[in-house]
>>> print(open('query.csv').read())   # CSV, C-alpha atoms and all ligand atoms
chain,number,residue,atom,x,y,z
A,1,MET,CA,-3.5,40.0,0.0
A,2,PHE,CA,-0.3,38.1,-0.5
A,3,ARG,CA,-0.3,34.7,-1.8
A,4,ILE,CA,3.0,32.8,-1.7
A,5,ILE,CA,3.7,31.1,-5.0
A,6,PHE,CA,4.6,27.4,-4.5
A,7,PHE,CA,4.3,26.4,-0.9
A,8,MET,CA,6.4,23.3,-1.6
A,9,GLN,CA,8.5,21.7,-4.3
A,10,LYS,CA,8.8,17.9,-4.3
A,11,LYS,CA,10.7,15.5,-6.5
A,12,ILE,CA,8.9,12.2,-7.2
A,13,ALA,CA,10.5,9.1,-8.7
A,14,VAL,CA,7.8,7.7,-11.0
A,15,LEU,CA,8.3,4.0,-11.7
A,16,ALA,CA,5.3,2.9,-13.7
A,17,GLY,CA,6.6,-0.6,-14.5
A,18,ASP,CA,4.6,-3.2,-16.4
A,19,GLY,CA,1.1,-4.1,-17.5
A,20,ILE,CA,-1.5,-1.5,-16.5
A,21,GLY,CA,1.2,0.4,-14.6
A,22,PRO,CA,1.9,3.1,-17.2
A,23,GLU,CA,-1.8,3.8,-18.0
A,24,VAL,CA,-2.9,4.1,-14.4
A,25,MET,CA,0.2,6.1,-13.5
A,26,ARG,CA,-0.7,8.7,-16.2
A,27,GLU,CA,-4.0,9.3,-14.4
A,28,ALA,CA,-2.3,9.7,-11.0
A,29,ILE,CA,0.1,12.3,-12.4
A,30,LYS,CA,-2.9,14.1,-13.9
A,31,VAL,CA,-4.5,14.3,-10.5
A,32,LEU,CA,-1.2,15.4,-8.8
A,33,ASP,CA,-0.8,18.1,-11.4
A,34,LYS,CA,-4.3,19.4,-10.5
A,35,ILE,CA,-3.3,19.4,-6.8
A,36,ALA,CA,-0.1,21.3,-7.7
A,37,VAL,CA,-2.2,24.0,-9.4
A,38,ILE,CA,-4.9,24.3,-6.8
A,39,PHE,CA,-2.5,24.3,-3.8
A,40,ASP,CA,0.4,26.1,-5.3
A,41,HIS,CA,2.9,23.3,-5.1
A,42,LYS,CA,5.4,22.1,-7.6
A,43,PHE,CA,5.9,18.4,-8.3
A,44,LEU,CA,8.9,17.3,-10.4
A,45,TYR,CA,8.6,13.8,-11.9
A,46,ASN,CA,11.6,11.6,-12.5
A,47,GLU,CA,10.4,8.7,-14.6
A,48,GLU,CA,12.5,5.5,-14.5
A,49,LEU,CA,12.1,1.9,-15.6
A,50,VAL,CA,11.4,-1.0,-13.3
A,51,GLY,CA,10.4,-4.7,-13.7
A,52,GLY,CA,10.1,-6.2,-17.2
A,53,ALA,CA,10.2,-2.8,-18.7
A,54,ALA,CA,13.7,-2.3,-17.2
A,55,TYR,CA,14.8,-5.8,-18.1
A,56,ASP,CA,14.2,-5.0,-21.8
A,57,VAL,CA,16.7,-2.1,-21.6
A,58,TYR,CA,19.2,-3.0,-18.9
A,59,GLY,CA,18.8,-6.8,-18.5
A,60,GLU,CA,17.8,-6.4,-14.9
A,61,HIS,CA,14.6,-5.7,-13.0
A,62,LEU,CA,15.9,-3.0,-10.7
A,63,PRO,CA,18.8,-1.2,-12.4
A,64,GLN,CA,21.2,1.1,-10.6
A,65,LYS,CA,19.9,4.1,-12.6
A,66,THR,CA,16.5,3.6,-11.1
A,67,LEU,CA,17.8,3.2,-7.6
A,68,ASP,CA,19.8,6.4,-8.0
A,69,ALA,CA,16.8,8.3,-9.2
A,70,CYS,CA,14.8,7.1,-6.2
A,71,SER,CA,17.6,8.2,-3.8
A,72,ASP,CA,17.5,11.6,-5.4
A,73,CYS,CA,13.8,12.0,-4.9
A,74,ASP,CA,11.4,12.7,-2.0
A,75,ALA,CA,9.2,9.7,-2.6
A,76,ILE,CA,8.6,6.8,-5.0
A,77,LEU,CA,5.3,6.5,-6.9
A,78,PHE,CA,5.3,2.9,-8.1
A,79,GLY,CA,2.9,1.3,-10.6
A,80,SER,CA,3.2,-2.5,-10.8
A,81,VAL,CA,5.6,-5.1,-12.1
A,82,GLY,CA,5.0,-8.6,-13.5
A,83,GLY,CA,4.4,-10.5,-16.7
A,84,PRO,CA,1.5,-12.4,-18.3
A,85,VAL,CA,0.4,-15.6,-16.5
A,86,ASP,CA,1.5,-17.8,-19.5
A,87,LYS,CA,5.0,-16.2,-19.7
A,88,GLN,CA,6.2,-16.6,-16.1
A,89,THR,CA,9.0,-18.9,-17.1
A,90,GLU,CA,10.6,-16.4,-19.5
A,91,LYS,CA,13.8,-14.9,-18.2
A,92,LYS,CA,12.3,-11.4,-18.5
A,93,TRP,CA,9.6,-12.2,-16.0
A,94,GLN,CA,11.3,-14.7,-13.6
A,95,GLY,CA,11.5,-13.3,-10.1
A,96,VAL,CA,10.5,-9.9,-11.3
A,97,GLU,CA,8.2,-8.9,-8.4
A,98,LYS,CA,10.6,-10.2,-5.8
A,99,ASN,CA,13.7,-8.5,-7.4
A,100,ALA,CA,12.0,-5.2,-7.9
A,101,LEU,CA,9.9,-4.8,-4.7
A,102,LEU,CA,12.1,-6.6,-2.2
A,103,GLY,CA,15.1,-4.8,-3.6
A,104,LEU,CA,13.5,-1.4,-3.1
A,105,ARG,CA,12.2,-2.3,0.4
A,106,LYS,CA,15.6,-3.4,1.5
A,107,LYS,CA,17.6,-0.5,-0.1
A,108,PHE,CA,15.4,2.2,1.4
A,109,ASN,CA,14.6,0.4,4.7
A,110,LEU,CA,10.9,0.6,4.0
A,111,TYR,CA,9.9,-1.4,7.1
A,112,ALA,CA,6.3,-0.1,7.6
A,113,ASN,CA,3.7,-1.1,5.1
A,114,LEU,CA,0.3,0.5,5.5
A,115,ARG,CA,-2.6,-1.2,3.7
A,116,PRO,CA,-5.8,0.6,4.4
A,117,ILE,CA,-8.9,-1.6,3.9
A,118,TYR,CA,-11.5,0.9,3.1
A,119,LEU,CA,-15.0,0.2,1.6
A,120,TYR,CA,-16.5,3.3,0.2
A,121,LYS,CA,-20.2,3.5,0.8
A,122,PRO,CA,-21.2,3.7,-2.9
A,123,LEU,CA,-19.4,0.4,-3.5
A,124,ILE,CA,-21.0,-1.6,-0.6
A,125,GLU,CA,-22.8,-3.9,-3.0
A,126,LEU,CA,-19.6,-4.9,-4.7
A,127,SER,CA,-17.9,-6.1,-1.5
A,128,VAL,CA,-17.4,-9.8,-1.3
A,129,LEU,CA,-18.9,-9.6,2.2
A,130,LYS,CA,-22.6,-9.6,2.7
A,131,ASN,CA,-24.4,-6.3,2.9
A,132,ASN,CA,-25.4,-6.7,6.5
A,133,ILE,CA,-21.8,-7.0,7.6
A,134,VAL,CA,-20.5,-4.0,5.6
A,135,GLU,CA,-23.6,-1.7,5.5
A,136,ASN,CA,-21.8,1.2,7.2
A,137,GLY,CA,-18.6,0.8,5.1
A,138,VAL,CA,-15.3,-0.6,6.3
A,139,ASP,CA,-12.3,1.2,7.7
A,140,VAL,CA,-9.4,-0.9,8.9
A,141,MET,CA,-5.7,-0.1,8.8
A,142,ILE,CA,-3.4,-3.1,8.2
A,143,LEU,CA,0.1,-2.3,9.3
A,144,ARG,CA,2.5,-4.9,8.0
A,145,GLU,CA,6.2,-5.2,9.0
A,146,LEU,CA,8.0,-5.2,5.7
A,147,THR,CA,11.8,-5.7,6.0
A,148,GLY,CA,12.1,-8.6,8.5
A,149,GLY,CA,10.7,-12.0,9.2
A,150,ILE,CA,10.8,-15.0,6.9
A,151,TYR,CA,11.1,-12.8,3.8
A,152,PHE,CA,14.6,-11.6,4.7
A,153,GLY,CA,15.9,-14.6,6.7
A,154,GLU,CA,18.2,-17.2,5.2
A,155,HIS,CA,16.7,-19.2,2.4
A,156,LYS,CA,18.4,-22.4,1.2
A,157,THR,CA,17.9,-25.7,-0.4
A,158,TYR,CA,20.3,-28.6,0.1
A,159,MET,CA,20.7,-32.4,-0.1
A,160,ASP,CA,20.4,-34.5,3.0
A,161,ASN,CA,20.4,-38.3,3.0
A,162,GLY,CA,19.6,-38.4,-0.7
A,163,GLU,CA,16.7,-36.0,-0.6
A,164,GLU,CA,16.3,-32.3,-1.1
A,165,VAL,CA,15.5,-30.1,2.0
A,166,ALA,CA,14.6,-26.5,1.9
A,167,ILE,CA,14.6,-24.0,4.8
A,168,ASP,CA,13.5,-20.4,5.2
A,169,ILE,CA,14.3,-18.7,8.5
A,170,MET,CA,11.9,-16.3,10.2
A,171,SER,CA,13.7,-14.0,12.7
A,172,TYR,CA,12.9,-10.7,14.3
A,173,LYS,CA,15.1,-8.3,16.3
A,174,GLU,CA,13.7,-6.3,19.2
A,175,SER,CA,14.5,-3.1,17.4
A,176,GLU,CA,12.6,-4.2,14.3
A,177,ILE,CA,9.5,-4.9,16.4
A,178,ARG,CA,9.8,-1.7,18.5
A,179,ARG,CA,9.9,0.7,15.6
A,180,ILE,CA,6.8,-0.7,14.0
A,181,ILE,CA,4.8,-0.8,17.2
A,182,LYS,CA,5.8,2.8,17.8
A,183,LEU,CA,4.4,3.7,14.4
A,184,ALA,CA,1.2,1.6,15.1
A,185,VAL,CA,0.7,3.7,18.3
A,186,GLU,CA,1.0,6.9,16.3
A,187,ILE,CA,-1.5,5.7,13.7
A,188,ALA,CA,-3.9,4.3,16.3
A,189,GLU,CA,-3.9,7.6,18.2
A,190,LYS,CA,-5.3,9.3,15.1
A,191,ARG,CA,-7.9,6.6,14.6
A,192,ASN,CA,-10.0,4.6,17.1
A,193,LYS,CA,-7.1,3.9,19.5
A,194,LYS,CA,-7.1,0.1,19.2
A,195,ILE,CA,-4.2,-2.1,18.1
A,196,THR,CA,-4.7,-5.8,17.4
A,197,VAL,CA,-1.3,-7.6,17.2
A,198,VAL,CA,-1.8,-10.6,15.0
A,199,ASP,CA,0.6,-13.5,15.5
A,200,LYS,CA,1.0,-17.2,16.1
A,201,ALA,CA,2.2,-17.1,19.6
A,202,ASN,CA,1.0,-20.6,20.3
A,203,VAL,CA,3.8,-21.9,18.0
A,204,LEU,CA,6.4,-19.2,17.2
A,205,ASP,CA,9.2,-17.7,19.3
A,206,CYS,CA,9.1,-14.6,17.0
A,207,SER,CA,5.5,-14.1,18.1
A,208,LEU,CA,6.4,-14.4,21.8
A,209,LEU,CA,9.0,-11.6,21.3
A,210,TRP,CA,6.4,-9.4,19.6
A,211,ARG,CA,4.0,-10.0,22.5
A,212,LYS,CA,6.7,-9.2,25.1
A,213,ILE,CA,7.5,-5.9,23.4
A,214,THR,CA,3.9,-5.0,22.8
A,215,LYS,CA,3.2,-5.4,26.5
A,216,GLU,CA,5.9,-2.8,27.2
A,217,PHE,CA,4.2,-0.4,24.9
A,218,ALA,CA,0.8,-1.1,26.4
A,219,GLN,CA,2.2,-0.2,29.8
A,220,LYS,CA,3.4,3.2,28.5
A,221,ASN,CA,0.5,4.0,26.2
A,222,LYS,CA,-2.7,3.7,28.3
A,223,ASN,CA,-4.6,5.8,25.8
A,224,VAL,CA,-4.5,3.0,23.2
A,225,ASP,CA,-6.0,-0.5,23.7
A,226,PHE,CA,-3.8,-3.4,22.8
A,227,GLU,CA,-4.9,-6.9,22.2
A,228,PHE,CA,-3.5,-10.1,20.6
A,229,MET,CA,-5.1,-12.4,18.2
A,230,TYR,CA,-3.8,-15.6,16.5
A,231,VAL,CA,-3.5,-15.2,12.7
A,232,ASP,CA,-5.9,-18.0,11.8
A,233,ASN,CA,-8.6,-16.5,14.0
A,234,ALA,CA,-7.8,-13.0,12.6
A,235,ALA,CA,-8.4,-14.3,9.0
A,236,MET,CA,-11.8,-15.5,10.1
A,237,GLN,CA,-12.7,-12.3,12.1
A,238,LEU,CA,-11.7,-10.1,9.1
A,239,MET,CA,-14.4,-11.8,7.1
A,240,LYS,CA,-17.0,-12.1,9.8
A,241,ASN,CA,-16.7,-8.6,11.2
A,242,PRO,CA,-13.9,-6.5,9.6
A,243,ASN,CA,-14.9,-3.4,11.6
A,244,TYR,CA,-13.9,-5.2,14.8
A,245,PHE,CA,-10.4,-4.1,13.9
A,246,ASP,CA,-9.0,-0.6,14.0
A,247,VAL,CA,-5.2,-1.0,13.5
A,248,LEU,CA,-4.2,-4.6,12.6
A,249,LEU,CA,-0.5,-4.9,13.2
A,250,THR,CA,1.4,-7.9,12.1
A,251,GLU,CA,4.7,-9.4,10.9
A,252,ASN,CA,5.7,-9.6,7.2
A,253,MET,CA,4.2,-12.8,5.9
A,254,PHE,CA,1.0,-12.8,7.9
A,255,GLY,CA,0.5,-9.2,6.7
A,256,ASP,CA,1.1,-10.3,3.1
A,257,ILE,CA,-1.7,-12.8,3.4
A,258,LEU,CA,-4.2,-10.9,5.4
A,259,SER,CA,-3.9,-7.8,3.3
A,260,ASP,CA,-4.8,-9.7,0.1
A,261,LEU,CA,-7.8,-11.1,2.0
A,262,GLY,CA,-8.7,-7.7,3.3
A,263,SER,CA,-8.4,-6.1,-0.2
A,264,VAL,CA,-11.4,-8.0,-1.6
A,265,ILE,CA,-13.6,-6.3,1.0
A,266,SER,CA,-13.1,-3.0,-0.9
A,267,GLY,CA,-15.1,-4.2,-3.8
A,268,SER,CA,-12.2,-4.4,-6.3
A,269,LEU,CA,-8.4,-4.8,-6.2
A,270,GLY,CA,-8.4,-1.7,-8.4
A,271,MET,CA,-9.4,0.3,-5.3
A,272,ALA,CA,-6.6,-0.6,-2.9
A,273,PRO,CA,-3.6,1.6,-2.4
A,274,SER,CA,-0.6,1.1,-0.1
A,275,ALA,CA,2.3,2.9,1.5
A,276,SER,CA,5.7,1.5,2.5
A,277,LEU,CA,7.7,3.9,4.7
A,278,ASN,CA,11.0,4.2,6.4
A,279,ASP,CA,11.8,6.2,9.5
A,280,LYS,CA,12.4,9.4,7.6
A,281,ASN,CA,9.0,9.3,6.1
A,282,PHE,CA,10.5,8.5,2.7
A,283,GLY,CA,8.2,6.0,1.1
A,284,LEU,CA,7.1,3.9,-1.9
A,285,PHE,CA,3.5,4.2,-2.8
A,286,GLU,CA,1.8,1.6,-4.9
A,287,PRO,CA,-1.6,-0.1,-5.7
A,288,ILE,CA,-1.9,-3.5,-4.1
A,289,GLY,CA,-3.3,-5.2,-7.3
A,290,GLY,CA,-0.7,-6.4,-9.8
A,291,SER,CA,0.2,-5.5,-13.3
A,292,ALA,CA,-3.1,-7.1,-14.7
A,293,GLN,CA,-1.4,-7.9,-18.1
A,294,ASP,CA,-4.7,-9.3,-19.4
A,295,ILE,CA,-6.3,-5.9,-19.5
A,296,ALA,CA,-3.1,-3.8,-20.1
A,297,GLY,CA,-3.0,-1.2,-22.8
A,298,ILE,CA,-6.7,-1.0,-23.6
A,299,ASN,CA,-7.7,1.9,-21.3
A,300,ILE,CA,-10.1,0.0,-19.1
A,301,ALA,CA,-8.1,-0.5,-15.9
A,302,ASN,CA,-9.3,1.2,-12.7
A,303,PRO,CA,-6.8,4.0,-11.9
A,304,ILE,CA,-8.3,4.7,-8.4
A,305,ALA,CA,-5.8,2.5,-6.5
A,306,GLN,CA,-2.9,4.4,-8.1
A,307,ILE,CA,-4.5,7.8,-7.5
A,308,LEU,CA,-5.2,6.9,-3.9
A,309,SER,CA,-1.6,5.8,-3.6
A,310,ALA,CA,-0.6,9.3,-4.7
A,311,ALA,CA,-2.9,10.6,-2.0
A,312,LEU,CA,-1.1,8.5,0.6
A,313,MET,CA,2.2,9.9,-0.7
A,314,LEU,CA,1.1,13.4,-0.1
A,315,LYS,CA,-0.1,12.6,3.4
A,316,TYR,CA,2.7,10.4,4.7
A,317,SER,CA,5.8,11.6,2.8
A,318,PHE,CA,5.1,15.2,2.2
A,319,SER,CA,2.8,16.0,5.2
A,320,MET,CA,0.3,17.5,2.8
A,321,ILE,CA,-2.8,16.3,4.7
A,322,LYS,CA,-5.4,18.5,3.2
A,323,GLU,CA,-4.1,17.8,-0.3
A,324,GLY,CA,-4.3,14.1,0.2
A,325,GLU,CA,-7.8,14.4,1.6
A,326,ALA,CA,-8.8,16.5,-1.4
A,327,ILE,CA,-7.9,13.6,-3.6
A,328,GLU,CA,-9.8,11.1,-1.4
A,329,ASN,CA,-12.9,13.4,-1.4
A,330,ALA,CA,-12.7,13.7,-5.2
A,331,VAL,CA,-12.7,9.9,-5.5
A,332,ILE,CA,-15.8,9.7,-3.2
A,333,ASN,CA,-17.5,12.5,-5.2
A,334,VAL,CA,-16.9,10.7,-8.5
A,335,LEU,CA,-18.1,7.3,-7.1
A,336,GLU,CA,-21.2,9.0,-5.7
A,337,LYS,CA,-22.0,10.3,-9.1
A,338,GLY,CA,-22.1,6.7,-10.4
A,339,ILE,CA,-19.0,7.1,-12.6
A,340,ARG,CA,-17.3,3.7,-12.7
A,341,THR,CA,-14.6,1.7,-14.5
A,342,GLY,CA,-15.6,-1.8,-15.6
A,343,ASP,CA,-14.4,-3.6,-12.4
A,344,ILE,CA,-16.8,-1.5,-10.2
A,345,TYR,CA,-19.6,-1.0,-12.7
A,346,ARG,CA,-23.2,-2.0,-12.1
A,347,GLU,CA,-26.2,-1.6,-14.4
A,348,GLY,CA,-27.7,1.8,-14.4
A,349,LEU,CA,-24.4,3.6,-13.7
A,350,ARG,CA,-22.0,5.3,-16.1
A,351,LYS,CA,-19.2,3.1,-17.4
A,352,VAL,CA,-16.0,5.0,-18.2
A,353,ARG,CA,-12.5,4.2,-19.3
A,354,THR,CA,-9.2,4.7,-17.5
A,355,MET,CA,-8.5,8.2,-18.8
A,356,GLU,CA,-12.0,9.5,-18.2
A,357,MET,CA,-11.9,8.3,-14.7
A,358,GLY,CA,-8.7,10.2,-14.2
A,359,ASP,CA,-10.3,13.3,-15.8
A,360,TYR,CA,-13.3,13.1,-13.6
A,361,ILE,CA,-11.3,12.8,-10.4
A,362,ALA,CA,-8.9,15.6,-11.3
A,363,GLU,CA,-11.9,17.8,-12.1
A,364,ALA,CA,-13.6,17.0,-8.8
A,365,ILE,CA,-10.6,18.2,-6.8
A,366,VAL,CA,-11.5,21.3,-4.8
A,367,ARG,CA,-9.7,23.3,-2.1
A,368,ASP,CA,-12.1,24.0,0.7
A,369,HIS,CA,-9.7,25.6,3.2
B,401,LIG,C1,3.0,-7.8,-1.9
B,401,LIG,C2,3.5,-8.8,-2.9
B,401,LIG,C3,5.0,-9.1,-2.7
B,401,LIG,C4,5.1,-9.6,-1.2
B,401,LIG,C5,5.6,-10.2,-3.6
B,401,LIG,C6,5.4,-9.8,-5.0
B,401,LIG,C7,7.0,-10.4,-3.3
B,401,LIG,O1,2.7,-10.0,-2.7
B,401,LIG,O2,3.6,-6.6,-2.0
B,401,LIG,O3,2.2,-8.1,-1.1
B,401,LIG,O4,4.9,-10.8,-0.9
B,401,LIG,O5,5.4,-8.8,-0.4
B,402,MG,MG,1.1,-9.8,-1.4
>>> encode(input="query.csv", output="C-alpha cells")
Amino acid sequence: MFRIIFFMQKKIAVLAGDGIGPEVMREAIKVLDKIAVIFDHKFLYNEELVGGAAYDVYGEHLPQKTLDACSDCDAILFGSVGGPVDKQTEKKWQGVEKNALLGLRKKFNLYANLRPIYLYKPLIELSVLKNNIVENGVDVMILRELTGGIYFGEHKTYMDNGEEVAIDIMSYKESEIRRIIKLAVEIAEKRNKKITVVDKANVLDCSLLWRKITKEFAQKNKNVDFEFMYVDNAAMQLMKNPNYFDVLLTENMFGDILSDLGSVISGSLGMAPSASLNDKNFGLFEPIGGSAQDIAGINIANPIAQILSAALMLKYSFSMIKEGEAIENAVINVLEKGIRTGDIYREGLRKVRTMEMGDYIAEAIVRDH
C-alpha cells in the first residue's frame, strides 16, 4: 500500500510573547509535533518576538520583523503579552496589549473572533455556575466582530470650556456587518442552527443597522433561526442558562465583555482558546487568559488553552479537521484520567506541571481514521 509522505506542509509564525506565553507555547508545539508525526504533515515554526519581549530588543511591541514573519506564514500562533500588575506604568509595558493585538488584528484584517465557551464534563464542578445549570456541560460559540466598532473609531481628548472632554466613536459599515453574519451562518449551520445577535438596539444606531442586515440574512437562510437580544439581558442569560445560546454574535466591545464573562464558565481561564480570522482563513490563535506574570516561569501554568488554540488553528486555517479533533479528544482523555494543573486541580486527582500536562496530551493523541 502507498502512503504519501507529508500530506501538507504549513508555516506557523510562533509569537510566544510575555509571562507564561513561552512555557505554554512550548507545550502547544510539542502537541503539534505529535500531530505532524501521526498525520504525516510538516509544520515549520518561525519564532518571533512580540509584546514586552519585543520591546527589550527593538523598543516596540510589534516590530516590523515580526509582522513580516507573520505575512510569510500560513497562520499565527500567539501566546500572550502584558506585564506584571505593579509595573504597568513602565514604558516597556504601557499599551502593550493594545499595540500588539490591535496592530495584528488591523494589519491582517482579522475581523472574526471565535471564542468557544466550552465546559468539559470532567470540569463541571469547577465552573462558577451551579452544578444544576451546567450538569450536561456547556457549548456556546461567541462570535465577536473584531476590527470595527468603538475600538477602531476615532478617539480623542480635548479641552472645551475649561474642562477636558473625551470621545470614542462607534461606527459600523454595512460590509463589516455582512461579512461577519455570513460567517455566523456558516458556523451555525454546523452547530444547532441558531444565531442570537446581541446588541443595544434600544439605544444605538449601530445596533439598528446590525438588525436590518441580520433580517436580510434571516430571509435568505430559513434553515437557521435568528433572534435578537439586548446585551444587558444577554449577560444575565449567559449566567442563568448558557446553553440557551448556540452562536452568540455581537459587535466588538460587547464581545470583549461577554467573552470574559463566558470564559469563567469553563472552570478556568487556562482552558479558553480563541481564533481571529480574516476572509482568507488566515488567522491568529491565542488563549483568552493573559500573560499571568505572577505564575510565569515556574512551570505551573495550564497549557491547555494554548494547545486548544493550536487545535483551532488546524481546523480553521489549515482545514485539518480530524487533526484538530484529535487534539481536543486528547485533552478530554487526559482530563478524564484526572490529570490536572493547579488551576483545575481537586483533591484526589493527580496534580501535574505545565510540561507534564503537555506530555500527557501529546501522548494521548491517536489517529482513529
Ligand atoms: C481581548 C483583550 C483585548 C481586547 C485588549 C487587550 C485590547 O481584552 O482580546 O479580549 O479588548 O480586545
Ligand atoms: Mg478582552
>>> closest_atom_pairs(input="query.csv", of="chain A", to="ligand LIG 401 (chain B)", cutoff="10 Å", atoms="only C-alpha atoms and all ligand atoms", output="CSV")
residue,atom,partner,partner_atom,distance
A:Ser80,CA,B:LIG401,C6,9.6
A:Val81,CA,B:LIG401,C6,8.5
A:Gly82,CA,B:LIG401,C6,8.6
A:Gly95,CA,B:LIG401,C7,8.7
A:Val96,CA,B:LIG401,C6,8.1
A:Glu97,CA,B:LIG401,C6,4.5
A:Lys98,CA,B:LIG401,C7,4.4
A:Asn99,CA,B:LIG401,C7,8.1
A:Ala100,CA,B:LIG401,C6,8.6
A:Leu101,CA,B:LIG401,C7,6.5
A:Leu102,CA,B:LIG401,C7,6.5
A:Gly103,CA,B:LIG401,C7,9.9
A:Arg105,CA,B:LIG401,O5,9.4
A:Asn113,CA,B:LIG401,O2,9.0
A:Arg115,CA,B:LIG401,O3,9.7
A:Arg144,CA,B:LIG401,O3,9.7
A:Leu146,CA,B:LIG401,O5,7.5
A:Thr147,CA,B:LIG401,O5,9.6
A:Tyr151,CA,B:LIG401,O4,8.0
A:Asn252,CA,B:LIG401,O5,7.6
A:Met253,CA,B:LIG401,O4,7.1
A:Phe254,CA,B:LIG401,O4,9.8
A:Gly255,CA,B:LIG401,O3,8.1
A:Asp256,CA,B:LIG401,O3,4.9
A:Ile257,CA,B:LIG401,O3,7.6
A:Leu258,CA,B:LIG401,O3,9.5
A:Ser259,CA,B:LIG401,O3,7.5
A:Asp260,CA,B:LIG401,O3,7.3
A:Ser274,CA,B:LIG401,O2,9.0
A:Ser276,CA,B:LIG401,O2,9.5
A:Glu286,CA,B:LIG401,O2,8.9
A:Pro287,CA,B:LIG401,O2,9.1
A:Ile288,CA,B:LIG401,O2,6.7
A:Gly289,CA,B:LIG401,C1,8.7
A:Gly290,CA,B:LIG401,C2,8.4
>>> closest_residue(input="query.csv", among="A:Pro84, A:Phe228, A:Ser263, A:Lys212", to="ligand MG 402 (chain B)", atoms="all atoms listed in the file")
A:Ser263
>>> closest_residue(input="query.csv", among="A:Leu238, A:Leu67, A:Leu269, A:Ile177", to="ligand MG 402 (chain B)", atoms="only C-alpha atoms and all ligand atoms")
A:Leu269
>>> closest_residue(input="query.csv", among="A:Gly262, A:Gly52, A:Gly21, A:Gly59", to="ligand MG 402 (chain B)", atoms="all atoms listed in the file")
A:Gly262
>>> atom_distance(input="query.csv", atom1="atom CA of Met170 of chain A", atom2="atom CA of Ser207 of chain A")
10.4 Å
>>> closest_residue(input="query.csv", among="A:Arg350, A:Val264, A:Tyr118, A:Ala184", to="Leu335 of chain A", atoms="all atoms listed in the file")
A:Arg350
>>> build_atoms(input="query.csv", residues="segment 89-101 of chain A", atoms="N, CA, C and O atoms", output="compact mmCIF listing (two decimals), keeping the file's coordinate frame")
# COMPACT_ATOMS: atom_id res chain seq x y z
N THR A 89 7.70 -18.21 -17.10
CA THR A 89 9.00 -18.90 -17.10
C THR A 89 10.02 -18.19 -17.99
O THR A 89 11.19 -18.54 -17.97
N GLU A 90 9.59 -17.17 -18.72
CA GLU A 90 10.60 -16.40 -19.50
C GLU A 90 11.51 -15.64 -18.59
O GLU A 90 11.10 -15.13 -17.56
N LYS A 91 12.77 -15.53 -19.03
CA LYS A 91 13.80 -14.90 -18.20
C LYS A 91 13.35 -13.45 -17.79
O LYS A 91 13.55 -13.01 -16.67
N LYS A 92 12.74 -12.78 -18.73
CA LYS A 92 12.30 -11.40 -18.50
C LYS A 92 11.40 -11.27 -17.25
O LYS A 92 11.41 -10.27 -16.55
N TRP A 93 10.59 -12.31 -17.04
CA TRP A 93 9.60 -12.20 -16.00
C TRP A 93 9.94 -12.99 -14.72
O TRP A 93 9.29 -12.85 -13.69
N GLN A 94 10.99 -13.85 -14.80
CA GLN A 94 11.30 -14.70 -13.60
C GLN A 94 11.77 -13.87 -12.45
O GLN A 94 12.75 -13.13 -12.54
N GLY A 95 11.07 -14.00 -11.33
CA GLY A 95 11.50 -13.30 -10.10
C GLY A 95 11.30 -11.81 -10.15
O GLY A 95 11.85 -11.09 -9.31
N VAL A 96 10.51 -11.32 -11.11
CA VAL A 96 10.50 -9.90 -11.30
C VAL A 96 9.89 -9.11 -10.08
O VAL A 96 10.47 -8.11 -9.63
N GLU A 97 8.79 -9.61 -9.51
CA GLU A 97 8.20 -8.90 -8.40
C GLU A 97 9.14 -8.88 -7.19
O GLU A 97 9.34 -7.86 -6.54
N LYS A 98 9.72 -10.08 -6.97
CA LYS A 98 10.60 -10.20 -5.80
C LYS A 98 11.84 -9.29 -6.02
O LYS A 98 12.23 -8.54 -5.12
N ASN A 99 12.45 -9.33 -7.20
CA ASN A 99 13.70 -8.50 -7.40
C ASN A 99 13.38 -7.04 -7.30
O ASN A 99 14.14 -6.30 -6.68
N ALA A 100 12.28 -6.60 -7.89
CA ALA A 100 12.00 -5.20 -7.90
C ALA A 100 11.56 -4.68 -6.51
O ALA A 100 12.13 -3.75 -5.93
N LEU A 101 10.54 -5.35 -5.97
CA LEU A 101 9.90 -4.80 -4.70
C LEU A 101 10.81 -5.08 -3.50
O LEU A 101 11.05 -4.17 -2.70
